[in-house]
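Undergrad: Below is the structure I would like to discuss, written out as structure tokens.
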Amino acid sequence: MSKIRLTTPLTNDVVNRLKSGDQVLISGTVYTGRDAAHLRLVKAIEEGESLPFEVEGQIIYYVGPAPAKPGEVIGSCGPTTSYRMDDLTEPLLALGLKGMIGKGERNQTVVDGMKNHRAIYFAAIGGAGALIANAVKESTVIAYEDLGPEAIRKLVVEDLPAIVVIDADGDNLYETERAKYQKK
Amino acid sequence: MREINVSIIREAVQKMCVDMNYYIGADIKKSFEDNYKTEASPIGKAIILDLIENSKIASDKQVPICQDTGMIIAFVEVGQEVVLVGGDISEAINEGIRRGYGEGYLRKSVVSDPLIRQNSKDNTPGVIYYDIVAGDQVKIKLAAKGFGSENMSRSKMLKPSDGIKGVESFVVETVSLAGPNPCPPIVVGVGIGGTIDKAAQIAKKALMRDLESASEHEHIKALEERLLEQINDLGIGPQGLGGTTTALGVNVEIYPTHIAGLPVVVNINCHASRHLETVI
């Protein structure tokens, strides 16, 4: 299957064309953010403060990288499980977040938000952190440095491999593929 | 009596922390290769191939297999003829963790208080269990436990009348509910019996066994085989994107329990099942 090349920021046109099951290679800027960073981002939104980056059109990668060895851009950096961010996702979708990269299921609130605001949920391979690190060309901490691995980083990536799991129409690859192989 | 300086224990822990995060276990590697041949899903096959490639990159570049380099779990067996000298053994183990996670460029994933949640910045403390055993040796079994899988673990106090069928359906239900979240293909550790805490402890201990190992009890060995088959029939597959390789193995440990109870704990591990042991 041929892979679709995507460059961030993503537009609604691009998002609307992506379908559950599409394999993609993502290039451009993505921002890291996981549990603790999401709590701070949502608090900032609620309090009307400005955010550390312009969310519109962007992709957030749920990852807490391992430290970079000397001479390396980043340490291993595979996805973390996404459901922990479920309750903190809608406010970011409302600001125009177009993509999330993680692994595992999302709840209905997230899927509804993705349909309303047009956004994609991508999965990267969990536990393939050493492989994924090869796609990261630059890494800069831009906010919440005190959170260590949970700080927000601006990553410049080239051909980061991912798969569209839930598209902007709510079609879910986890459900359709599992059904094919489930016995009984 | 045999004297052992705790600095030897510290050094062993330090080395194991690094090694188990860089180098995939031989049993896991073999299981990836075997399952690559039998996996029915094309996406699943491609994922297994990427996991093999990932483990090769990790060992070649000496970087962790997964960025979640885990929380350290230590099962320490201290021979009763051993005298530990040179300091406190728990401090030595934690110092080994501190140095290993520092020099190995491993991620520091521990928060000092579960509610205040400030990172301890050196991955300490570990979770340490001690057993006093016969002999004059110290055996340290160490695991780096990732939490994507830990979070999918469950416990249940079954009724004695639920029996082995009840255990089976609870284990399979737990894996089914976990779906794609714990990074399948997974390793499943099951603890049956004891008390709620004992069942959890032996479920964790079950994850320290290699995939090729089987229970010494015939009925439990048969249970491990049945569970693996039922789990792989769920269709979850590699990364939950469908397929026939949902688990690489199921290890079950048992302990005597009370006439009124049948505690069961299912502790899930991801495919990056990292554990090593050293005997001093």
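For the structure tokens, the naming scheme is as follows: chains receive sequential letters (A, B, ...) according to their order of presentation, residues are indexed from 1 within each chain, and ligands are indexed from 1 in presentation order.
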Any idea what's packed within 8 Å of range 51-54 of chain B, counting only C-alpha atoms, ignoring anything in its chain fewer than 5 positions away? Could you give it as a list in words?
TA: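 The filter keeps Gly127, Ala128, Gly129, Ala130 and Leu131 of chain A; Lys29, Phe32, Glu33 and Ile65 of chain B.
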Undergrad: Any chance you could tabulate, as a Markdown table, the residues of chain A at most 9 Å from chain B with each one's nearest atom pair and distance in Å to one decimal, using only C-alpha atoms, in chain and rising number order?
TA:
```
| residue | atom | partner | partner_atom | distance |
| --- | --- | --- | --- | --- |
| A:Val63 | CA | B:Gln67 | CA | 8.4 |
| A:Gly64 | CA | B:Gln67 | CA | 7.1 |
| A:Pro65 | CA | B:Gln67 | CA | 5.5 |
| A:Ala66 | CA | B:Arg107 | CA | 4.5 |
| A:Pro67 | CA | B:Tyr105 | CA | 5.4 |
| A:Ala68 | CA | B:Tyr105 | CA | 6.8 |
| A:Lys69 | CA | B:Tyr105 | CA | 6.2 |
| A:Gly75 | CA | B:Val63 | CA | 7.1 |
| A:Ser76 | CA | B:Gln67 | CA | 4.8 |
| A:Cys77 | CA | B:Gln67 | CA | 5.3 |
| A:Gly78 | CA | B:Gln67 | CA | 6.2 |
| A:Pro79 | CA | B:Gln67 | CA | 8.5 |
| A:Thr80 | CA | B:Gly148 | CA | 7.0 |
| A:Thr81 | CA | B:Asn181 | CA | 5.9 |
| A:Ser82 | CA | B:Asn181 | CA | 8.0 |
| A:Tyr83 | CA | B:Asn181 | CA | 8.3 |
| A:Lys103 | CA | B:Asn181 | CA | 6.5 |
| A:Gly104 | CA | B:Asn181 | CA | 4.3 |
| A:Glu105 | CA | B:Asn181 | CA | 6.6 |
| A:Ala123 | CA | B:Gln239 | CA | 8.9 |
| A:Ile125 | CA | B:Gln239 | CA | 6.8 |
| A:Gly126 | CA | B:Cys183 | CA | 5.6 |
| A:Gly127 | CA | B:Cys66 | CA | 4.8 |
| A:Ala128 | CA | B:Asn54 | CA | 5.4 |
| A:Gly129 | CA | B:Cys66 | CA | 4.7 |
| A:Ala130 | CA | B:Ala58 | CA | 5.6 |
| A:Leu131 | CA | B:Asn54 | CA | 4.9 |
| A:Ile132 | CA | B:Asn54 | CA | 8.3 |
| A:Asp146 | CA | B:Asn119 | CA | 8.8 |
| A:Leu147 | CA | B:Asn119 | CA | 7.2 |
| A:Gly148 | CA | B:Asn119 | CA | 7.5 |
| A:Pro149 | CA | B:Arg107 | CA | 7.1 |
| A:Val165 | CA | B:Leu241 | CA | 8.6 |
| A:Leu173 | CA | B:Leu241 | CA | 6.7 |
| A:Tyr174 | CA | B:Leu241 | CA | 5.2 |
| A:Glu175 | CA | B:Leu241 | CA | 8.2 |
| A:Thr176 | CA | B:Gly242 | CA | 8.1 |
| A:Glu177 | CA | B:Gly242 | CA | 4.6 |
| A:Arg178 | CA | B:Gly242 | CA | 4.2 |
| A:Ala179 | CA | B:Gly235 | CA | 6.7 |
| A:Lys180 | CA | B:Gly242 | CA | 7.1 |
| A:Tyr181 | CA | B:Gly235 | CA | 4.3 |
| A:Gln182 | CA | B:Gly235 | CA | 4.0 |
| A:Lys183 | CA | B:Asp233 | CA | 5.2 |
| A:Lys184 | CA | B:Asp233 | CA | 8.1 |
```
Undergrad: Print the selection's residues with C-alpha atoms to a file, as a PDB file, in the first residue's frame.
TA:
```
ATOM      1  CA  VAL A  63       5.113  11.403  23.685  1.00  0.00           C
ATOM      2  CA  GLY A  64       7.602  11.785  26.509  1.00  0.00           C
ATOM      3  CA  PRO A  65      10.949  11.163  24.823  1.00  0.00           C
ATOM      4  CA  ALA A  66      13.953   9.520  26.420  1.00  0.00           C
ATOM      5  CA  PRO A  67      16.916  11.912  26.844  1.00  0.00           C
ATOM      6  CA  ALA A  68      19.100  12.429  23.779  1.00  0.00           C
ATOM      7  CA  LYS A  69      22.519  10.853  23.888  1.00  0.00           C
ATOM      8  CA  GLY A  75      16.164   9.745  22.529  1.00  0.00           C
ATOM      9  CA  SER A  76      13.647   7.008  21.793  1.00  0.00           C
ATOM     10  CA  CYS A  77      10.274   8.602  21.232  1.00  0.00           C
ATOM     11  CA  GLY A  78       7.338   6.305  20.565  1.00  0.00           C
ATOM     12  CA  PRO A  79       3.736   7.228  21.367  1.00  0.00           C
ATOM     13  CA  THR A  80       2.127   7.001  24.788  1.00  0.00           C
ATOM     14  CA  THR A  81      -1.436   5.756  25.378  1.00  0.00           C
ATOM     15  CA  SER A  82      -3.921   8.393  24.270  1.00  0.00           C
ATOM     16  CA  TYR A  83      -7.035   7.831  26.412  1.00  0.00           C
ATOM     17  CA  LYS A 103      -1.801   4.837  20.459  1.00  0.00           C
ATOM     18  CA  GLY A 104      -4.942   3.153  21.748  1.00  0.00           C
ATOM     19  CA  GLU A 105      -8.613   4.009  21.934  1.00  0.00           C
ATOM     20  CA  ALA A 123      -1.385   5.922  15.633  1.00  0.00           C
ATOM     21  CA  ILE A 125       3.801   2.081  16.693  1.00  0.00           C
ATOM     22  CA  GLY A 126       3.959   1.849  20.466  1.00  0.00           C
ATOM     23  CA  GLY A 127       7.265   0.489  21.649  1.00  0.00           C
ATOM     24  CA  ALA A 128       9.106   1.361  18.438  1.00  0.00           C
ATOM     25  CA  GLY A 129      10.720   4.421  19.987  1.00  0.00           C
ATOM     26  CA  ALA A 130      14.213   3.823  18.627  1.00  0.00           C
ATOM     27  CA  LEU A 131      12.856   3.483  15.084  1.00  0.00           C
ATOM     28  CA  ILE A 132      10.642   6.578  15.317  1.00  0.00           C
ATOM     29  CA  ASP A 146      10.180  21.695  34.686  1.00  0.00           C
ATOM     30  CA  LEU A 147       8.071  18.737  33.572  1.00  0.00           C
ATOM     31  CA  GLY A 148      11.159  16.936  32.271  1.00  0.00           C
ATOM     32  CA  PRO A 149      10.046  14.283  29.763  1.00  0.00           C
ATOM     33  CA  VAL A 165      -6.912   5.126  12.969  1.00  0.00           C
ATOM     34  CA  LEU A 173      -9.621   1.153  12.236  1.00  0.00           C
ATOM     35  CA  TYR A 174      -9.278  -0.552  15.629  1.00  0.00           C
ATOM     36  CA  GLU A 175     -12.895  -1.668  15.360  1.00  0.00           C
ATOM     37  CA  THR A 176     -12.958  -2.647  11.699  1.00  0.00           C
ATOM     38  CA  GLU A 177      -9.685  -4.600  11.722  1.00  0.00           C
ATOM     39  CA  ARG A 178     -10.255  -6.414  15.008  1.00  0.00           C
ATOM     40  CA  ALA A 179     -13.614  -7.677  13.742  1.00  0.00           C
ATOM     41  CA  LYS A 180     -11.878  -9.332  10.784  1.00  0.00           C
ATOM     42  CA  TYR A 181      -9.715 -11.542  12.971  1.00  0.00           C
ATOM     43  CA  GLN A 182     -11.961 -12.158  15.970  1.00  0.00           C
ATOM     44  CA  LYS A 183     -13.006 -15.796  16.258  1.00  0.00           C
ATOM     45  CA  LYS A 184     -16.467 -16.891  17.492  1.00  0.00           C
TER      46      LYS A 184
END
```
Undergrad: Using only C-alpha atoms, determine which residues lie at most 8 Å from Pro256 in chain B, disregarding the query and same-chain residues fewer than 2 positions distant; provide the list as a short mmCIF file (atom, residue, chain, number, x, y, z; two decimals) with N, CA and C atoms, in the first residue's frame.
TA:
```cif
data_model
loop_
_atom_site.label_atom_id
_atom_site.label_comp_id
_atom_site.auth_asym_id
_atom_site.auth_seq_id
_atom_site.Cartn_x
_atom_site.Cartn_y
_atom_site.Cartn_z
N GLY B 193 -4.78 -16.73 43.73
CA GLY B 193 -4.68 -17.21 45.10
C GLY B 193 -4.07 -16.20 46.04
N GLY B 194 -3.74 -16.67 47.24
CA GLY B 194 -3.19 -15.78 48.26
C GLY B 194 -4.24 -14.78 48.72
N ILE B 254 0.63 -19.37 41.05
CA ILE B 254 -0.44 -19.62 42.04
C ILE B 254 0.13 -19.61 43.46
N HIS B 258 -7.48 -18.78 50.94
CA HIS B 258 -8.46 -19.02 52.00
C HIS B 258 -9.67 -19.79 51.45
#
```
Undergrad: List every residue of range 19-88 of chain B that DSSP, applied to the backbone of this structure, assigns to helix (DSSP H, G or I), and report them as a ChimeraX atom specification.
TA: /B:19-22,26-38,42-61
Undergrad: Those selected residues, please, written with N, CA and C atoms and delivered as a short mmCIF file (atom, residue, chain, number, x, y, z; two decimals), in the first residue's frame.
TA:
```cif
data_model
loop_
_atom_site.label_atom_id
_atom_site.label_comp_id
_atom_site.auth_asym_id
_atom_site.auth_seq_id
_atom_site.Cartn_x
_atom_site.Cartn_y
_atom_site.Cartn_z
N ASP B 19 21.21 -2.47 30.44
CA ASP B 19 21.18 -3.59 29.48
C ASP B 19 19.75 -3.99 29.10
N MET B 20 18.87 -4.08 30.07
CA MET B 20 17.54 -4.57 29.72
C MET B 20 16.76 -3.55 28.88
N ASN B 21 17.14 -2.28 29.00
CA ASN B 21 16.45 -1.28 28.18
C ASN B 21 17.00 -1.19 26.76
N TYR B 22 18.25 -1.58 26.55
CA TYR B 22 18.87 -1.52 25.22
C TYR B 22 18.67 -2.80 24.41
N ALA B 26 16.12 -12.55 24.36
CA ALA B 26 16.21 -13.54 23.27
C ALA B 26 14.86 -14.22 23.06
N ASP B 27 14.11 -14.41 24.14
CA ASP B 27 12.79 -15.06 24.00
C ASP B 27 11.81 -14.19 23.23
N ILE B 28 11.86 -12.88 23.46
CA ILE B 28 10.96 -11.97 22.76
C ILE B 28 11.34 -11.90 21.27
N LYS B 29 12.64 -11.84 21.01
CA LYS B 29 13.11 -11.77 19.63
C LYS B 29 12.65 -13.00 18.85
N LYS B 30 12.82 -14.16 19.47
CA LYS B 30 12.42 -15.40 18.81
C LYS B 30 10.90 -15.42 18.59
N SER B 31 10.17 -14.93 19.58
CA SER B 31 8.71 -14.92 19.47
C SER B 31 8.25 -13.97 18.34
N PHE B 32 8.92 -12.82 18.21
CA PHE B 32 8.61 -11.91 17.09
C PHE B 32 8.79 -12.65 15.76
N GLU B 33 9.92 -13.35 15.64
CA GLU B 33 10.22 -14.03 14.38
C GLU B 33 9.20 -15.14 14.09
N ASP B 34 8.85 -15.91 15.13
CA ASP B 34 7.87 -16.99 14.95
C ASP B 34 6.50 -16.42 14.58
N ASN B 35 6.10 -15.35 15.27
CA ASN B 35 4.77 -14.80 15.03
C ASN B 35 4.69 -14.04 13.70
N TYR B 36 5.83 -13.56 13.25
CA TYR B 36 5.84 -12.90 11.93
C TYR B 36 5.40 -13.91 10.87
N LYS B 37 5.84 -15.15 11.03
CA LYS B 37 5.49 -16.19 10.04
C LYS B 37 4.01 -16.54 10.08
N THR B 38 3.42 -16.52 11.28
CA THR B 38 2.04 -17.02 11.40
C THR B 38 0.99 -15.90 11.40
N PRO B 42 -2.00 -8.42 7.28
CA PRO B 42 -0.87 -7.74 6.64
C PRO B 42 -0.35 -6.56 7.45
N ILE B 43 -1.26 -5.79 8.05
CA ILE B 43 -0.82 -4.67 8.91
C ILE B 43 -0.05 -5.23 10.09
N GLY B 44 -0.57 -6.32 10.67
CA GLY B 44 0.07 -6.95 11.82
C GLY B 44 1.47 -7.43 11.49
N LYS B 45 1.61 -8.04 10.33
CA LYS B 45 2.91 -8.52 9.88
C LYS B 45 3.90 -7.36 9.76
N ALA B 46 3.44 -6.27 9.14
CA ALA B 46 4.31 -5.10 8.96
C ALA B 46 4.74 -4.53 10.31
N ILE B 47 3.83 -4.54 11.27
CA ILE B 47 4.16 -4.01 12.60
C ILE B 47 5.21 -4.89 13.28
N ILE B 48 5.05 -6.20 13.20
CA ILE B 48 6.04 -7.10 13.82
C ILE B 48 7.42 -6.88 13.20
N LEU B 49 7.43 -6.67 11.89
CA LEU B 49 8.69 -6.40 11.21
C LEU B 49 9.32 -5.10 11.73
N ASP B 50 8.49 -4.08 11.93
CA ASP B 50 9.00 -2.81 12.50
C ASP B 50 9.52 -3.00 13.92
N LEU B 51 8.89 -3.87 14.68
CA LEU B 51 9.35 -4.11 16.05
C LEU B 51 10.71 -4.82 16.05
N ILE B 52 10.90 -5.72 15.09
CA ILE B 52 12.20 -6.40 14.96
C ILE B 52 13.26 -5.37 14.58
N GLU B 53 12.90 -4.52 13.61
CA GLU B 53 13.83 -3.47 13.16
C GLU B 53 14.15 -2.51 14.33
N ASN B 54 13.11 -2.17 15.09
CA ASN B 54 13.30 -1.27 16.24
C ASN B 54 14.28 -1.85 17.25
N SER B 55 14.16 -3.15 17.52
CA SER B 55 15.05 -3.75 18.52
C SER B 55 16.48 -3.80 18.00
N LYS B 56 16.62 -3.92 16.69
CA LYS B 56 17.95 -3.93 16.10
C LYS B 56 18.59 -2.53 16.21
N ILE B 57 17.80 -1.49 15.91
CA ILE B 57 18.31 -0.12 16.04
C ILE B 57 18.72 0.16 17.49
N ALA B 58 17.87 -0.27 18.40
CA ALA B 58 18.14 -0.02 19.82
C ALA B 58 19.47 -0.64 20.25
N SER B 59 19.69 -1.90 19.86
CA SER B 59 20.95 -2.53 20.31
C SER B 59 22.15 -1.96 19.55
N ASP B 60 21.98 -1.67 18.26
CA ASP B 60 23.11 -1.11 17.49
C ASP B 60 23.53 0.26 18.02
N LYS B 61 22.52 1.12 18.27
CA LYS B 61 22.83 2.49 18.69
C LYS B 61 22.94 2.61 20.21
#
```
Undergrad: Ser2 in chain A: which residues within 10 Å, counting only C-alpha atoms, same-chain residues fewer than 3 positions away excluded, as a ChimeraX atom specification?
TA: /A:5,22-24
Undergrad: Can you work out the spacing between CA of Ile164 in chain B and CA of Asn269 in chain B in Å, to one decimal?
TA: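 Taking CA of Ile164 in chain B and CA of Asn269 in chain B, their separation equals 22.3 Å.
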Undergrad: Fewer than 3 positions away in the same chain doesn't count, so skip those; otherwise give me all residues within 12 Å of Ile140 in chain B, counting only C-alpha atoms, as number ranges by chain.
TA: B: 8-14, 16-17, 72-79, 89, 93, 128-131, 137, 143, 208, 275-280
Undergrad: For the residues in the current selection, export N, CA and C atoms as a compact mmCIF listing (two decimals), in the first residue's frame.
TA:
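result24.txt written:
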```
# COMPACT_ATOMS: atom_id res chain seq x y z
N ILE B 8 28.41 -4.20 45.38
CA ILE B 8 28.31 -5.18 44.28
C ILE B 8 26.86 -5.24 43.78
N ILE B 9 25.94 -5.14 44.72
CA ILE B 9 24.52 -5.14 44.36
C ILE B 9 24.19 -3.88 43.57
N ARG B 10 24.73 -2.74 44.03
CA ARG B 10 24.50 -1.47 43.33
C ARG B 10 24.99 -1.54 41.88
N GLU B 11 26.20 -2.09 41.71
CA GLU B 11 26.76 -2.19 40.36
C GLU B 11 25.94 -3.12 39.46
N ALA B 12 25.47 -4.22 40.04
CA ALA B 12 24.67 -5.18 39.26
C ALA B 12 23.36 -4.52 38.81
N VAL B 13 22.74 -3.78 39.71
CA VAL B 13 21.47 -3.12 39.38
C VAL B 13 21.71 -2.07 38.29
N GLN B 14 22.76 -1.30 38.45
CA GLN B 14 23.10 -0.25 37.48
C GLN B 14 23.24 -0.84 36.07
N MET B 16 22.16 -3.82 34.92
CA MET B 16 20.92 -4.43 34.43
C MET B 16 19.93 -3.38 33.94
N CYS B 17 19.86 -2.24 34.63
CA CYS B 17 18.94 -1.17 34.21
C CYS B 17 19.23 -0.77 32.77
N ILE B 72 11.35 0.67 38.02
CA ILE B 72 12.09 -0.55 38.33
C ILE B 72 11.38 -1.37 39.42
N ILE B 73 11.18 -2.64 39.10
CA ILE B 73 10.65 -3.59 40.07
C ILE B 73 11.79 -4.56 40.38
N ALA B 74 12.08 -4.77 41.66
CA ALA B 74 13.15 -5.68 42.03
C ALA B 74 12.61 -6.76 42.96
N PHE B 75 12.86 -8.01 42.60
CA PHE B 75 12.61 -9.13 43.51
C PHE B 75 13.97 -9.60 43.98
N VAL B 76 14.24 -9.42 45.25
CA VAL B 76 15.57 -9.73 45.77
C VAL B 76 15.47 -10.91 46.74
N GLU B 77 16.22 -11.96 46.44
CA GLU B 77 16.27 -13.11 47.34
C GLU B 77 17.61 -13.09 48.04
N VAL B 78 17.55 -12.95 49.38
CA VAL B 78 18.79 -12.88 50.16
C VAL B 78 18.96 -14.18 50.94
N GLY B 79 20.06 -14.84 50.67
CA GLY B 79 20.35 -16.08 51.39
C GLY B 79 20.55 -15.80 52.87
N ILE B 89 20.94 -1.96 51.90
CA ILE B 89 20.71 -2.62 50.61
C ILE B 89 19.69 -1.86 49.74
N ILE B 93 20.35 -0.38 46.01
CA ILE B 93 19.54 -0.68 44.82
C ILE B 93 19.07 0.62 44.16
N ILE B 128 10.62 -2.55 45.56
CA ILE B 128 11.54 -3.62 45.94
C ILE B 128 10.87 -4.63 46.86
N TYR B 129 10.95 -5.90 46.48
CA TYR B 129 10.44 -6.99 47.33
C TYR B 129 11.62 -7.84 47.79
N TYR B 130 11.62 -8.19 49.06
CA TYR B 130 12.69 -9.05 49.59
C TYR B 130 12.12 -10.39 50.04
N ASP B 131 12.90 -11.43 49.78
CA ASP B 131 12.62 -12.75 50.34
C ASP B 131 13.89 -13.24 51.02
N GLN B 137 23.75 -16.88 48.80
CA GLN B 137 23.79 -16.02 47.61
C GLN B 137 22.71 -14.94 47.68
N ALA B 143 13.02 -5.80 36.74
CA ALA B 143 12.21 -5.51 35.55
C ALA B 143 12.08 -4.00 35.42
N MET B 208 8.20 -11.97 35.10
CA MET B 208 9.66 -12.10 35.11
C MET B 208 10.11 -13.40 34.47
N HIS B 275 13.36 -7.68 31.45
CA HIS B 275 13.73 -8.20 32.77
C HIS B 275 15.03 -8.96 32.68
N LEU B 276 15.81 -8.91 33.75
CA LEU B 276 17.09 -9.60 33.82
C LEU B 276 17.29 -10.11 35.24
N GLU B 277 18.17 -11.07 35.40
CA GLU B 277 18.48 -11.49 36.76
C GLU B 277 19.99 -11.73 36.94
N THR B 278 20.45 -11.47 38.15
CA THR B 278 21.86 -11.67 38.48
C THR B 278 21.94 -12.41 39.80
N VAL B 279 22.86 -13.33 39.88
CA VAL B 279 23.11 -14.03 41.14
C VAL B 279 24.49 -13.62 41.63
N ILE B 280 24.53 -13.18 42.88
CA ILE B 280 25.81 -12.74 43.46
C ILE B 280 26.20 -13.75 44.53
```
Undergrad: Name the residues of chain A that fall into strand (DSSP E) according to DSSP on the backbone, using the chain letters and numbers of this document, as an NGL selection string.
TA: :A and (4-7 or 23-32 or 59-61 or 99-102 or 120-123 or 136-143 or 152-166)
Undergrad: So that I can check the surroundings of Thr7 in chain A, please list as a ChimeraX atom specification every protein, DNA and RNA residue that reaches within 9 Å of it, counting only C-alpha atoms and ignoring chain neighbours fewer than 5 positions away.
TA: /A:25-29
Undergrad: Filtering to C-alpha atoms, could you give me those residues as an mmCIF file, in the first residue's frame?
TA:
```
data_model
loop_
_atom_site.group_PDB
_atom_site.id
_atom_site.type_symbol
_atom_site.label_atom_id
_atom_site.label_comp_id
_atom_site.auth_asym_id
_atom_site.auth_seq_id
_atom_site.Cartn_x
_atom_site.Cartn_y
_atom_site.Cartn_z
ATOM 1 C CA LEU A 25 4.451 9.865 6.432
ATOM 2 C CA ILE A 26 4.324 13.136 8.341
ATOM 3 C CA SER A 27 6.817 15.943 7.774
ATOM 4 C CA GLY A 28 7.095 19.407 9.276
ATOM 5 C CA THR A 29 6.535 20.615 12.809
#
```
Undergrad: Rounded to one decimal place, report the CA of Glu91 in chain B-CA of Gly70 in chain B distance in Å.
TA: 19.0 Å
Undergrad: Find the spatial neighbours of range 84-88 of chain B, counting only C-alpha atoms, within a cut-off of 9 Å - ignore same-chain residues fewer than 3 positions away - and output them as a PyMOL selection string.
TA: chain B and resi 2-7+91-93
Undergrad: I'd like to know which of B:Gly25, B:Ala134, B:Val187, B:Thr195 is closest to Ile259 in chain B, using only C-alpha atoms.
TA: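 Once distances to Ile259 in chain B are computed over only C-alpha atoms, the minimum belongs to B:Thr195.
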